[in-house]
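Containing PDB, C-alpha atoms: final_18.pdb.
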```pdb
ATOM      1  CA  MET A   1     -20.159 -32.940  45.542
ATOM      2  CA  ASP A   2     -21.053 -34.471  42.182
ATOM      3  CA  ILE A   3     -24.614 -35.709  42.566
ATOM      4  CA  VAL A   4     -26.901 -37.660  40.240
ATOM      5  CA  VAL A   5     -30.562 -37.062  41.068
ATOM      6  CA  LEU A   6     -32.233 -40.245  39.829
ATOM      7  CA  ALA A   7     -35.921 -39.895  38.986
ATOM      8  CA  GLY A   8     -38.633 -41.157  36.639
ATOM      9  CA  GLY A   9     -38.203 -44.874  36.132
ATOM     10  CA  TYR A  10     -40.715 -47.477  35.015
ATOM     11  CA  SER A  11     -43.470 -46.713  37.472
ATOM     12  CA  HIS A  12     -47.000 -45.408  37.629
ATOM     13  CA  GLU A  13     -45.533 -42.801  39.966
ATOM     14  CA  ARG A  14     -42.886 -41.494  37.535
ATOM     15  CA  GLU A  15     -44.652 -38.128  37.187
ATOM     16  CA  VAL A  16     -44.376 -37.508  40.920
ATOM     17  CA  SER A  17     -40.792 -38.708  40.859
ATOM     18  CA  MET A  18     -39.799 -36.281  38.093
ATOM     19  CA  SER A  19     -41.388 -33.377  39.941
ATOM     20  CA  SER A  20     -39.613 -34.311  43.173
ATOM     21  CA  GLY A  21     -36.336 -34.788  41.321
ATOM     22  CA  SER A  22     -36.520 -31.389  39.662
ATOM     23  CA  LEU A  23     -36.936 -29.599  42.984
ATOM     24  CA  ILE A  24     -34.233 -31.660  44.660
ATOM     25  CA  ALA A  25     -31.804 -30.924  41.822
ATOM     26  CA  ASN A  26     -32.525 -27.185  42.020
ATOM     27  CA  ALA A  27     -31.991 -27.170  45.795
ATOM     28  CA  LEU A  28     -28.715 -29.084  45.565
ATOM     29  CA  MET A  29     -27.427 -26.731  42.863
ATOM     30  CA  LYS A  30     -28.242 -23.729  45.043
ATOM     31  CA  ASN A  31     -26.228 -25.411  47.776
ATOM     32  CA  GLY A  32     -23.178 -25.437  45.499
ATOM     33  CA  HIS A  33     -23.177 -29.027  44.223
ATOM     34  CA  ARG A  34     -22.696 -30.154  40.618
ATOM     35  CA  VAL A  35     -25.961 -31.903  39.750
ATOM     36  CA  ILE A  36     -27.600 -33.740  36.866
ATOM     37  CA  LEU A  37     -31.170 -35.061  36.756
ATOM     38  CA  LEU A  38     -31.306 -38.504  35.132
ATOM     39  CA  ASP A  39     -34.283 -40.709  34.255
ATOM     40  CA  LEU A  40     -33.715 -44.230  35.606
ATOM     41  CA  TYR A  41     -35.733 -45.890  32.844
ATOM     42  CA  PHE A  42     -34.258 -44.107  29.829
ATOM     43  CA  GLY A  43     -30.761 -43.133  30.974
ATOM     44  CA  THR A  44     -28.709 -41.385  28.285
ATOM     45  CA  ASP A  45     -26.665 -42.159  25.187
ATOM     46  CA  GLU A  46     -24.768 -38.885  25.455
ATOM     47  CA  ALA A  47     -22.347 -39.721  28.265
ATOM     48  CA  THR A  48     -20.711 -42.558  30.179
ATOM     49  CA  THR A  49     -19.246 -40.557  33.091
ATOM     50  CA  PHE A  50     -20.557 -37.898  35.411
ATOM     51  CA  ASP A  51     -18.213 -35.247  33.985
ATOM     52  CA  GLU A  52     -19.458 -35.902  30.438
ATOM     53  CA  ALA A  53     -23.065 -35.955  31.579
ATOM     54  CA  TYR A  54     -22.645 -32.710  33.509
ATOM     55  CA  LYS A  55     -21.205 -30.947  30.454
ATOM     56  CA  LYS A  56     -23.950 -32.172  28.123
ATOM     57  CA  LEU A  57     -27.058 -32.573  30.297
ATOM     58  CA  SER A  58     -26.863 -30.095  33.172
ATOM     59  CA  LYS A  59     -29.327 -27.193  33.308
ATOM     60  CA  ASP A  60     -29.510 -23.920  35.195
ATOM     61  CA  THR A  61     -32.875 -24.968  36.597
ATOM     62  CA  TYR A  62     -35.285 -27.906  36.326
ATOM     63  CA  ASP A  63     -39.062 -27.701  36.209
ATOM     64  CA  TYR A  64     -41.655 -30.467  36.080
ATOM     65  CA  LYS A  65     -45.309 -30.419  37.061
ATOM     66  CA  VAL A  66     -47.284 -33.569  37.822
ATOM     67  CA  LYS A  67     -49.982 -34.258  35.235
ATOM     68  CA  ARG A  68     -53.469 -35.183  36.425
ATOM     69  CA  GLN A  69     -53.487 -38.555  34.673
ATOM     70  CA  ILE A  70     -51.635 -41.631  35.907
ATOM     71  CA  PRO A  71     -48.947 -42.450  33.269
ATOM     72  CA  ASP A  72     -49.795 -44.906  30.484
ATOM     73  CA  MET A  73     -47.140 -47.607  30.866
ATOM     74  CA  ASN A  74     -47.724 -49.086  27.396
ATOM     75  CA  ALA A  75     -47.133 -45.677  25.837
ATOM     76  CA  LEU A  76     -43.961 -45.336  27.911
ATOM     77  CA  ARG A  77     -42.640 -48.723  26.782
ATOM     78  CA  ALA A  78     -43.253 -47.791  23.154
ATOM     79  CA  LEU A  79     -40.711 -44.986  23.495
ATOM     80  CA  LYS A  80     -37.847 -47.346  24.344
ATOM     81  CA  GLU A  81     -36.008 -49.755  22.045
ATOM     82  CA  LYS A  82     -35.574 -52.339  24.827
ATOM     83  CA  PRO A  83     -38.588 -51.705  27.064
ATOM     84  CA  ASP A  84     -37.848 -54.587  29.464
ATOM     85  CA  GLU A  85     -34.573 -53.002  30.598
ATOM     86  CA  MET A  86     -35.524 -51.240  33.825
ATOM     87  CA  ILE A  87     -32.174 -49.488  34.317
ATOM     88  CA  GLY A  88     -31.500 -47.137  31.428
ATOM     89  CA  HIS A  89     -28.413 -46.809  29.273
ATOM     90  CA  ASN A  90     -25.281 -45.602  31.122
ATOM     91  CA  VAL A  91     -27.068 -45.036  34.422
ATOM     92  CA  ILE A  92     -24.673 -47.370  36.265
ATOM     93  CA  PRO A  93     -21.338 -45.929  34.980
ATOM     94  CA  ILE A  94     -22.524 -42.334  35.459
ATOM     95  CA  ALA A  95     -23.678 -43.141  38.987
ATOM     96  CA  GLN A  96     -20.383 -44.912  39.749
ATOM     97  CA  SER A  97     -18.368 -41.851  38.761
ATOM     98  CA  ALA A  98     -20.472 -39.461  40.880
ATOM     99  CA  ASP A  99     -20.021 -38.902  44.600
ATOM    100  CA  LEU A 100     -23.537 -40.120  45.285
ATOM    101  CA  VAL A 101     -27.001 -40.727  43.867
ATOM    102  CA  PHE A 102     -29.941 -38.862  45.357
ATOM    103  CA  LEU A 103     -32.872 -41.242  44.921
ATOM    104  CA  SER A 104     -36.017 -39.391  43.901
ATOM    105  CA  LEU A 105     -37.913 -42.487  42.853
ATOM    106  CA  HIS A 106     -41.403 -43.696  43.730
ATOM    107  CA  GLY A 107     -42.943 -47.057  42.993
ATOM    108  CA  GLU A 108     -41.687 -50.612  42.908
ATOM    109  CA  LEU A 109     -38.179 -50.594  41.420
ATOM    110  CA  GLY A 110     -37.200 -47.390  43.177
ATOM    111  CA  GLU A 111     -38.585 -48.288  46.588
ATOM    112  CA  ASN A 112     -38.768 -52.075  46.839
ATOM    113  CA  GLY A 113     -35.066 -52.617  47.516
ATOM    114  CA  GLN A 114     -34.082 -54.066  44.128
ATOM    115  CA  LEU A 115     -32.291 -50.931  42.917
ATOM    116  CA  GLN A 116     -30.647 -50.457  46.310
ATOM    117  CA  ALA A 117     -29.284 -54.009  46.133
ATOM    118  CA  VAL A 118     -27.922 -53.393  42.624
ATOM    119  CA  PHE A 119     -26.246 -50.184  43.758
ATOM    120  CA  ASP A 120     -24.692 -52.017  46.717
ATOM    121  CA  LEU A 121     -23.175 -54.525  44.297
ATOM    122  CA  TYR A 122     -21.699 -51.702  42.200
ATOM    123  CA  ASP A 123     -20.528 -49.771  45.294
ATOM    124  CA  ILE A 124     -22.737 -46.796  44.432
ATOM    125  CA  THR A 125     -23.610 -44.467  47.311
ATOM    126  CA  TYR A 126     -27.292 -43.501  47.488
ATOM    127  CA  THR A 127     -29.670 -41.663  49.787
ATOM    128  CA  GLY A 128     -32.160 -43.322  52.076
ATOM    129  CA  THR A 129     -32.876 -46.791  53.348
ATOM    130  CA  GLY A 130     -31.009 -49.890  52.149
ATOM    131  CA  TYR A 131     -32.521 -52.867  50.394
ATOM    132  CA  ILE A 132     -33.853 -54.735  53.449
ATOM    133  CA  GLY A 133     -35.876 -51.869  54.909
ATOM    134  CA  SER A 134     -37.014 -50.820  51.454
ATOM    135  CA  ALA A 135     -38.344 -54.307  50.706
ATOM    136  CA  LEU A 136     -40.155 -54.540  54.044
ATOM    137  CA  ALA A 137     -41.816 -51.132  53.798
ATOM    138  CA  MET A 138     -42.805 -51.315  50.131
ATOM    139  CA  ASN A 139     -44.703 -54.574  50.522
ATOM    140  CA  LYS A 140     -47.728 -53.517  52.544
ATOM    141  CA  ILE A 141     -48.472 -57.067  53.643
ATOM    142  CA  LEU A 142     -44.948 -57.682  54.966
ATOM    143  CA  ALA A 143     -44.954 -54.281  56.654
ATOM    144  CA  LYS A 144     -48.217 -55.009  58.469
ATOM    145  CA  GLU A 145     -46.977 -58.432  59.533
ATOM    146  CA  VAL A 146     -43.805 -56.891  60.993
ATOM    147  CA  MET A 147     -45.739 -54.118  62.733
ATOM    148  CA  SER A 148     -48.128 -56.670  64.204
ATOM    149  CA  GLN A 149     -45.206 -58.718  65.544
ATOM    150  CA  TYR A 150     -43.840 -55.596  67.248
ATOM    151  CA  GLY A 151     -47.204 -54.745  68.796
ATOM    152  CA  ILE A 152     -47.735 -51.680  66.628
ATOM    153  CA  PRO A 153     -51.473 -51.118  65.973
ATOM    154  CA  THR A 154     -52.450 -51.348  62.300
ATOM    155  CA  PRO A 155     -55.924 -51.851  60.804
ATOM    156  CA  LYS A 156     -57.074 -55.480  60.586
ATOM    157  CA  TRP A 157     -56.451 -56.929  57.163
ATOM    158  CA  GLU A 158     -56.670 -59.896  54.868
ATOM    159  CA  VAL A 159     -54.733 -60.832  51.747
ATOM    160  CA  LEU A 160     -56.825 -61.714  48.731
ATOM    161  CA  GLY A 161     -55.170 -64.109  46.302
ATOM    162  CA  LYS A 162     -56.417 -64.886  42.810
ATOM    163  CA  ASP A 163     -60.106 -65.906  42.659
ATOM    164  CA  GLU A 164     -60.515 -65.644  46.439
ATOM    165  CA  THR A 165     -63.569 -64.058  48.045
ATOM    166  CA  PRO A 166     -63.001 -61.376  50.716
ATOM    167  CA  GLU A 167     -64.171 -61.926  54.286
ATOM    168  CA  THR A 168     -63.702 -58.319  55.456
ATOM    169  CA  ALA A 169     -67.006 -56.506  55.761
ATOM    170  CA  VAL A 170     -67.835 -53.300  53.918
ATOM    171  CA  PRO A 171     -66.912 -50.499  54.515
ATOM    172  CA  CYS A 172     -63.309 -51.439  53.825
ATOM    173  CA  VAL A 173     -60.181 -50.259  52.019
ATOM    174  CA  VAL A 174     -58.927 -52.115  48.944
ATOM    175  CA  LYS A 175     -55.340 -51.579  47.815
ATOM    176  CA  PRO A 176     -52.525 -53.293  45.866
ATOM    177  CA  ASP A 177     -49.917 -54.911  48.104
ATOM    178  CA  ALA A 178     -46.995 -52.973  46.581
ATOM    179  CA  SER A 179     -47.910 -49.609  45.129
ATOM    180  CA  GLY A 180     -47.808 -45.968  46.196
ATOM    181  CA  SER A 181     -49.444 -42.575  45.679
ATOM    182  CA  SER A 182     -52.823 -44.213  46.413
ATOM    183  CA  ILE A 183     -52.823 -45.738  42.921
ATOM    184  CA  GLY A 184     -55.317 -48.605  42.820
ATOM    185  CA  VAL A 185     -56.651 -47.737  46.293
ATOM    186  CA  TYR A 186     -60.406 -47.638  46.915
ATOM    187  CA  LEU A 187     -62.518 -46.776  49.928
ATOM    188  CA  VAL A 188     -65.449 -49.131  49.443
ATOM    189  CA  GLU A 189     -68.664 -48.039  51.142
ATOM    190  CA  LYS A 190     -71.134 -50.285  49.273
ATOM    191  CA  GLU A 191     -71.070 -54.035  48.740
ATOM    192  CA  GLU A 192     -71.848 -53.648  45.028
ATOM    193  CA  ASP A 193     -68.638 -51.622  44.502
ATOM    194  CA  LEU A 194     -66.292 -54.194  46.047
ATOM    195  CA  ASP A 195     -65.669 -56.439  43.020
ATOM    196  CA  ALA A 196     -64.806 -53.512  40.742
ATOM    197  CA  ALA A 197     -62.339 -52.143  43.329
ATOM    198  CA  ILE A 198     -60.617 -55.517  43.660
ATOM    199  CA  THR A 199     -60.419 -55.909  39.871
ATOM    200  CA  ASP A 200     -58.763 -52.511  39.494
ATOM    201  CA  ALA A 201     -56.321 -53.101  42.365
ATOM    202  CA  ARG A 202     -55.183 -56.313  40.649
ATOM    203  CA  LYS A 203     -53.907 -54.209  37.727
ATOM    204  CA  TYR A 204     -51.095 -53.026  39.982
ATOM    205  CA  SER A 205     -50.160 -56.147  41.961
ATOM    206  CA  LYS A 206     -50.869 -59.855  42.116
ATOM    207  CA  ASP A 207     -52.120 -59.842  45.695
ATOM    208  CA  VAL A 208     -54.708 -57.416  47.004
ATOM    209  CA  LEU A 209     -54.824 -56.109  50.562
ATOM    210  CA  ILE A 210     -58.226 -55.478  52.148
ATOM    211  CA  GLU A 211     -58.266 -53.491  55.385
ATOM    212  CA  GLU A 212     -60.951 -52.548  57.840
ATOM    213  CA  MET A 213     -61.849 -48.890  57.363
ATOM    214  CA  ILE A 214     -60.879 -46.656  60.285
ATOM    215  CA  GLN A 215     -63.317 -43.781  60.626
ATOM    216  CA  GLY A 216     -61.439 -40.719  61.773
ATOM    217  CA  ARG A 217     -58.617 -38.349  60.825
ATOM    218  CA  GLU A 218     -55.509 -38.889  58.696
ATOM    219  CA  PHE A 219     -52.005 -37.823  59.710
ATOM    220  CA  SER A 220     -48.414 -38.265  58.619
ATOM    221  CA  ILE A 221     -45.149 -37.949  60.530
ATOM    222  CA  GLY A 222     -41.684 -37.774  59.028
ATOM    223  CA  VAL A 223     -38.708 -39.343  60.772
ATOM    224  CA  LEU A 224     -35.306 -37.763  60.127
ATOM    225  CA  GLU A 225     -32.535 -39.829  61.693
ATOM    226  CA  ASP A 226     -33.671 -40.152  65.327
ATOM    227  CA  GLN A 227     -36.048 -37.179  65.210
ATOM    228  CA  ALA A 228     -39.807 -37.465  64.703
ATOM    229  CA  LEU A 229     -40.987 -34.349  62.892
ATOM    230  CA  PRO A 230     -44.195 -32.451  63.725
ATOM    231  CA  PRO A 231     -47.352 -34.271  62.558
ATOM    232  CA  ILE A 232     -49.331 -33.011  59.586
ATOM    233  CA  GLU A 233     -53.084 -33.515  59.229
ATOM    234  CA  ILE A 234     -54.411 -34.307  55.752
ATOM    235  CA  ILE A 235     -57.928 -33.158  54.848
ATOM    236  CA  PRO A 236     -58.934 -33.650  51.171
ATOM    237  CA  LYS A 237     -61.546 -31.141  50.010
ATOM    238  CA  SER A 238     -63.425 -33.971  48.319
ATOM    239  CA  GLY A 239     -63.149 -37.757  48.324
ATOM    240  CA  PHE A 240     -60.059 -39.210  49.989
ATOM    241  CA  TYR A 241     -56.305 -38.633  49.692
ATOM    242  CA  ASP A 242     -56.012 -40.206  46.217
ATOM    243  CA  TYR A 243     -53.549 -39.563  43.372
ATOM    244  CA  GLU A 244     -55.152 -36.319  42.210
ATOM    245  CA  ASN A 245     -55.707 -34.942  45.715
ATOM    246  CA  LYS A 246     -52.070 -35.678  46.592
ATOM    247  CA  TYR A 247     -50.449 -33.821  43.716
ATOM    248  CA  GLN A 248     -52.769 -31.110  42.432
ATOM    249  CA  GLU A 249     -52.312 -27.839  44.275
ATOM    250  CA  GLY A 250     -55.300 -26.729  46.331
ATOM    251  CA  ALA A 251     -57.000 -30.145  46.328
ATOM    252  CA  THR A 252     -56.178 -30.919  49.956
ATOM    253  CA  VAL A 253     -55.945 -28.927  53.171
ATOM    254  CA  GLU A 254     -52.746 -29.808  55.037
ATOM    255  CA  ILE A 255     -52.269 -28.480  58.564
ATOM    256  CA  CYS A 256     -48.755 -28.592  59.990
ATOM    257  CA  PRO A 257     -48.168 -28.756  62.858
ATOM    258  CA  ALA A 258     -51.495 -30.551  63.278
ATOM    259  CA  GLU A 259     -53.903 -28.901  65.681
ATOM    260  CA  ILE A 260     -54.095 -31.772  68.145
ATOM    261  CA  SER A 261     -53.256 -32.355  71.798
ATOM    262  CA  GLU A 262     -49.704 -32.728  73.018
ATOM    263  CA  GLU A 263     -50.591 -36.239  74.187
ATOM    264  CA  LEU A 264     -51.774 -37.358  70.728
ATOM    265  CA  THR A 265     -48.762 -35.714  69.075
ATOM    266  CA  THR A 266     -46.373 -37.557  71.386
ATOM    267  CA  ALA A 267     -48.204 -40.873  70.911
ATOM    268  CA  MET A 268     -47.944 -40.656  67.110
ATOM    269  CA  GLN A 269     -44.323 -39.488  67.154
ATOM    270  CA  ASP A 270     -43.345 -42.351  69.463
ATOM    271  CA  MET A 271     -45.170 -44.827  67.228
ATOM    272  CA  ALA A 272     -43.489 -43.378  64.124
ATOM    273  CA  LYS A 273     -40.069 -44.046  65.649
ATOM    274  CA  ARG A 274     -41.127 -47.573  66.614
ATOM    275  CA  VAL A 275     -42.259 -48.281  63.039
ATOM    276  CA  PHE A 276     -39.010 -46.791  61.698
ATOM    277  CA  LYS A 277     -36.998 -49.169  63.845
ATOM    278  CA  ALA A 278     -39.185 -52.238  63.311
ATOM    279  CA  LEU A 279     -39.030 -51.976  59.507
ATOM    280  CA  ARG A 280     -35.233 -51.458  59.525
ATOM    281  CA  LEU A 281     -35.526 -47.991  57.990
ATOM    282  CA  GLU A 282     -32.542 -45.666  57.725
ATOM    283  CA  TYR A 283     -31.902 -41.904  57.686
ATOM    284  CA  TYR A 284     -35.413 -40.735  56.799
ATOM    285  CA  ALA A 285     -38.939 -41.898  56.028
ATOM    286  CA  ARG A 286     -42.554 -40.829  56.364
ATOM    287  CA  ILE A 287     -45.034 -42.810  58.444
ATOM    288  CA  ASP A 288     -48.787 -42.535  57.792
ATOM    289  CA  PHE A 289     -51.519 -42.871  60.405
ATOM    290  CA  MET A 290     -55.255 -42.992  60.906
ATOM    291  CA  VAL A 291     -56.650 -41.800  64.241
ATOM    292  CA  SER A 292     -60.125 -43.036  65.125
ATOM    293  CA  ASP A 293     -62.854 -40.852  66.556
ATOM    294  CA  SER A 294     -61.900 -42.226  69.977
ATOM    295  CA  GLU A 295     -58.251 -41.238  69.303
ATOM    296  CA  ASP A 296     -56.902 -44.746  68.867
ATOM    297  CA  VAL A 297     -53.818 -44.520  66.635
ATOM    298  CA  TYR A 298     -53.261 -46.955  63.747
ATOM    299  CA  CYS A 299     -50.212 -47.081  61.485
ATOM    300  CA  ILE A 300     -51.184 -47.436  57.831
ATOM    301  CA  GLU A 301     -47.804 -47.689  56.125
ATOM    302  CA  ALA A 302     -44.260 -46.344  55.827
ATOM    303  CA  ASN A 303     -42.719 -44.526  52.852
ATOM    304  CA  THR A 304     -38.954 -44.879  52.437
ATOM    305  CA  LEU A 305     -38.638 -42.265  49.668
ATOM    306  CA  PRO A 306     -41.338 -39.720  50.547
ATOM    307  CA  GLY A 307     -42.354 -37.231  47.879
ATOM    308  CA  MET A 308     -40.545 -33.908  47.580
ATOM    309  CA  THR A 309     -43.023 -32.083  45.321
ATOM    310  CA  PRO A 310     -44.479 -28.634  46.115
ATOM    311  CA  THR A 311     -47.450 -30.330  47.823
ATOM    312  CA  SER A 312     -45.516 -33.144  49.530
ATOM    313  CA  LEU A 313     -45.864 -33.794  53.227
ATOM    314  CA  PHE A 314     -42.299 -34.533  54.328
ATOM    315  CA  PRO A 315     -40.856 -31.109  53.340
ATOM    316  CA  GLN A 316     -43.762 -29.376  55.081
ATOM    317  CA  GLU A 317     -43.066 -31.338  58.258
ATOM    318  CA  ALA A 318     -39.359 -30.508  58.080
ATOM    319  CA  ALA A 319     -40.193 -26.816  57.624
ATOM    320  CA  ALA A 320     -42.370 -26.932  60.742
ATOM    321  CA  ALA A 321     -39.280 -28.219  62.584
ATOM    322  CA  GLY A 322     -37.241 -25.265  61.290
ATOM    323  CA  ILE A 323     -35.508 -27.084  58.418
ATOM    324  CA  THR A 324     -35.766 -25.326  55.048
ATOM    325  CA  TYR A 325     -36.209 -27.278  51.819
ATOM    326  CA  ASN A 326     -32.628 -26.573  50.701
ATOM    327  CA  GLU A 327     -31.283 -27.550  54.116
ATOM    328  CA  LEU A 328     -33.301 -30.769  54.033
ATOM    329  CA  CYS A 329     -31.951 -31.815  50.629
ATOM    330  CA  ASP A 330     -28.389 -31.007  51.663
ATOM    331  CA  ARG A 331     -28.771 -32.937  54.915
ATOM    332  CA  LEU A 332     -30.073 -36.047  53.138
ATOM    333  CA  ALA A 333     -27.187 -35.881  50.663
ATOM    334  CA  GLN A 334     -24.659 -35.445  53.460
ATOM    335  CA  LEU A 335     -26.076 -38.423  55.358
ATOM    336  CA  ALA A 336     -25.453 -40.557  52.272
ATOM    337  CA  ALA A 337     -21.922 -39.195  51.891
ATOM    338  CA  ASP A 338     -21.205 -39.922  55.550
ATOM    339  CA  LYS A 339     -22.537 -43.476  55.053
ATOM    340  CA  ARG A 340     -19.939 -44.014  52.328
ATOM    341  CA  LYS A 341     -17.164 -42.862  54.656
TER
END
```
For the file at hand, write its structure as structure tokens.
Amino acid sequence: MDIVVLAGGYSHEREVSMSSGSLIANALMKNGHRVILLDLYFGTDEATTFDEAYKKLSKDTYDYKVKRQIPDMNALRALKEKPDEMIGHNVIPIAQSADLVFLSLHGELGENGQLQAVFDLYDITYTGTGYIGSALAMNKILAKEVMSQYGIPTPKWEVLGKDETPETAVPCVVKPDASGSSIGVYLVEKEEDLDAAITDARKYSKDVLIEEMIQGREFSIGVLEDQALPPIEIIPKSGFYDYENKYQEGATVEICPAEISEELTTAMQDMAKRVFKALRLEYYARIDFMVSDSEDVYCIEANTLPGMTPTSLFPQEAAAAGITYNELCDRLAQLAADKRK
């Protein structure tokens, strides 16, 4: 198949996206597909069709390592003549002339359903969840409201609008309502640190979500079609599972399959499938959990385009289920192709 791997974009998570996209592109090429890696935000002036782009832009291999620093969005905008255009030059016609687009995007435009809706209008086939499920999962407030309606346990929360004072007691978790990779997320242990955490979270979204802090262990479970993958336990060597601990090799201990009881494994896998269905997710996703010291399970959030970097959780979970990285990428591409049929 002719496949555009779409990565980058205008997002604080573009570094992660480019790393994921590079690995996905390499895997798809090894599987015999014609592949180009294209940056959603910048696009290209060198081609208007997939064939042209493949001749001019394709590489034998792609390589991209996530930098420690969160990208400077002002510096990124300065590189583009029309910085407010979120979909780069010729992305749409190149995508239309390919067999499908493999979405390797993280952050708002890639995961909040807007791009999926645009692609639906242009009849472009893409991997992963459609616009409705993407919108529900990306907005943490909406996702928690849906989970609550379906009786799925999630930490108690409040939404903090502009100039409002939080009611949730410290310790608590402060996070933007629509962001990923733990950007703008703070575990607040002391009352005097709360205002600074809220101020920083507001840099990434208008509304701020404040959750009760669940003391316990952190897990993640991938869902691939109707299969819940083996759980993975996440143990940062210092601090919590923030941006640096997620993407710098050796910063976090990840145990997969998690060394937990069969009963807890089954409980989390069943809940992962319930969340998948409740949020209208499709084909694949990754569901994150906290388990309290008394082994009560709480769903934190769902990720519709989980990372595919060397340290990412979803590929590790698939491997524990006997699915190699190359097989996983090919399967996700084939699911999209079958959707088109």
Using all atoms listed in the file for the distances, tell me which of A:Gly88, A:Gly110, A:Pro93, A:Gly128 is nearest to Arg280 of chain A.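 Counting all atoms listed in the file, the residue closest to Arg280 of chain A is A:Gly128.
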With the cut-off set at 10 Å and counting all atoms listed in the file, tabulate each residue of segment 251-329 of chain A with an atom at most that distance from an atom of segment 29-38 of chain A, showing the nearest atom pair and its distance in Å to one decimal, ordered by chain and increasing number, as JSON lines.
```
{"residue": "A:Asn326", "atom": "CA", "partner": "A:Asn31", "partner_atom": "CA", "distance": 7.1}
{"residue": "A:Glu327", "atom": "CA", "partner": "A:Asn31", "partner_atom": "CA", "distance": 8.4}
{"residue": "A:Cys329", "atom": "CA", "partner": "A:Asn31", "partner_atom": "CA", "distance": 9.1}
```
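Across the structure, atom CA of Leu194 of chain A and atom CA of Gln215 of chain A are spaced 18.2 Å apart.
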Which one of A:Ile70, A:Asn90, A:Ala27, A:Lys65 sits closest to Ala47 of chain A if you count only C-alpha atoms?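 Among A:Ile70, A:Asn90, A:Ala27, A:Lys65, it is A:Asn90 that comes nearest to Ala47 of chain A.
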Point-to-point distance from atom CA of Gln149 of chain A to atom CA of Asp270 of chain A, Å rounded to tenths: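 Interatomic distance here is 16.9 Å.
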For atom CA of Pro315 of chain A and atom CA of Gly222 of chain A, determine how far apart the two atoms are, in Å to one decimal place.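 One can read the atom CA of Pro315 of chain A to atom CA of Gly222 of chain A distance as 8.8 Å.
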Among listed residues A:Gln96, A:Val253, A:Glu192, A:Gly43, nearest Asp123 of chain A (using all atoms listed in the file):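 Nearest candidate to Asp123 of chain A out of A:Gln96, A:Val253, A:Glu192, A:Gly43: A:Gln96.
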Where does the PyMOL selection byres ((chain A and resi 48) around 9) land in this file, that is, which residues does it pick, as an mmCIF file with C-alpha atoms, keeping the file's coordinate frame?
```cif
data_model
loop_
_atom_site.group_PDB
_atom_site.id
_atom_site.type_symbol
_atom_site.label_atom_id
_atom_site.label_comp_id
_atom_site.auth_asym_id
_atom_site.auth_seq_id
_atom_site.Cartn_x
_atom_site.Cartn_y
_atom_site.Cartn_z
ATOM 1 C CA THR A 44 -28.709 -41.385 28.285
ATOM 2 C CA ASP A 45 -26.665 -42.159 25.187
ATOM 3 C CA GLU A 46 -24.768 -38.885 25.455
ATOM 4 C CA ALA A 47 -22.347 -39.721 28.265
ATOM 5 C CA THR A 49 -19.246 -40.557 33.091
ATOM 6 C CA PHE A 50 -20.557 -37.898 35.411
ATOM 7 C CA ASP A 51 -18.213 -35.247 33.985
ATOM 8 C CA GLU A 52 -19.458 -35.902 30.438
ATOM 9 C CA ALA A 53 -23.065 -35.955 31.579
ATOM 10 C CA HIS A 89 -28.413 -46.809 29.273
ATOM 11 C CA ASN A 90 -25.281 -45.602 31.122
ATOM 12 C CA VAL A 91 -27.068 -45.036 34.422
ATOM 13 C CA ILE A 92 -24.673 -47.370 36.265
ATOM 14 C CA PRO A 93 -21.338 -45.929 34.980
ATOM 15 C CA ILE A 94 -22.524 -42.334 35.459
ATOM 16 C CA SER A 97 -18.368 -41.851 38.761
#
```
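Residue nearest Asp177 of chain A within the list A:Ile235, A:Gly107, A:Ile287, A:Glu254: A:Gly107 [criterion: smallest interatomic distance, all atoms listed in the file].
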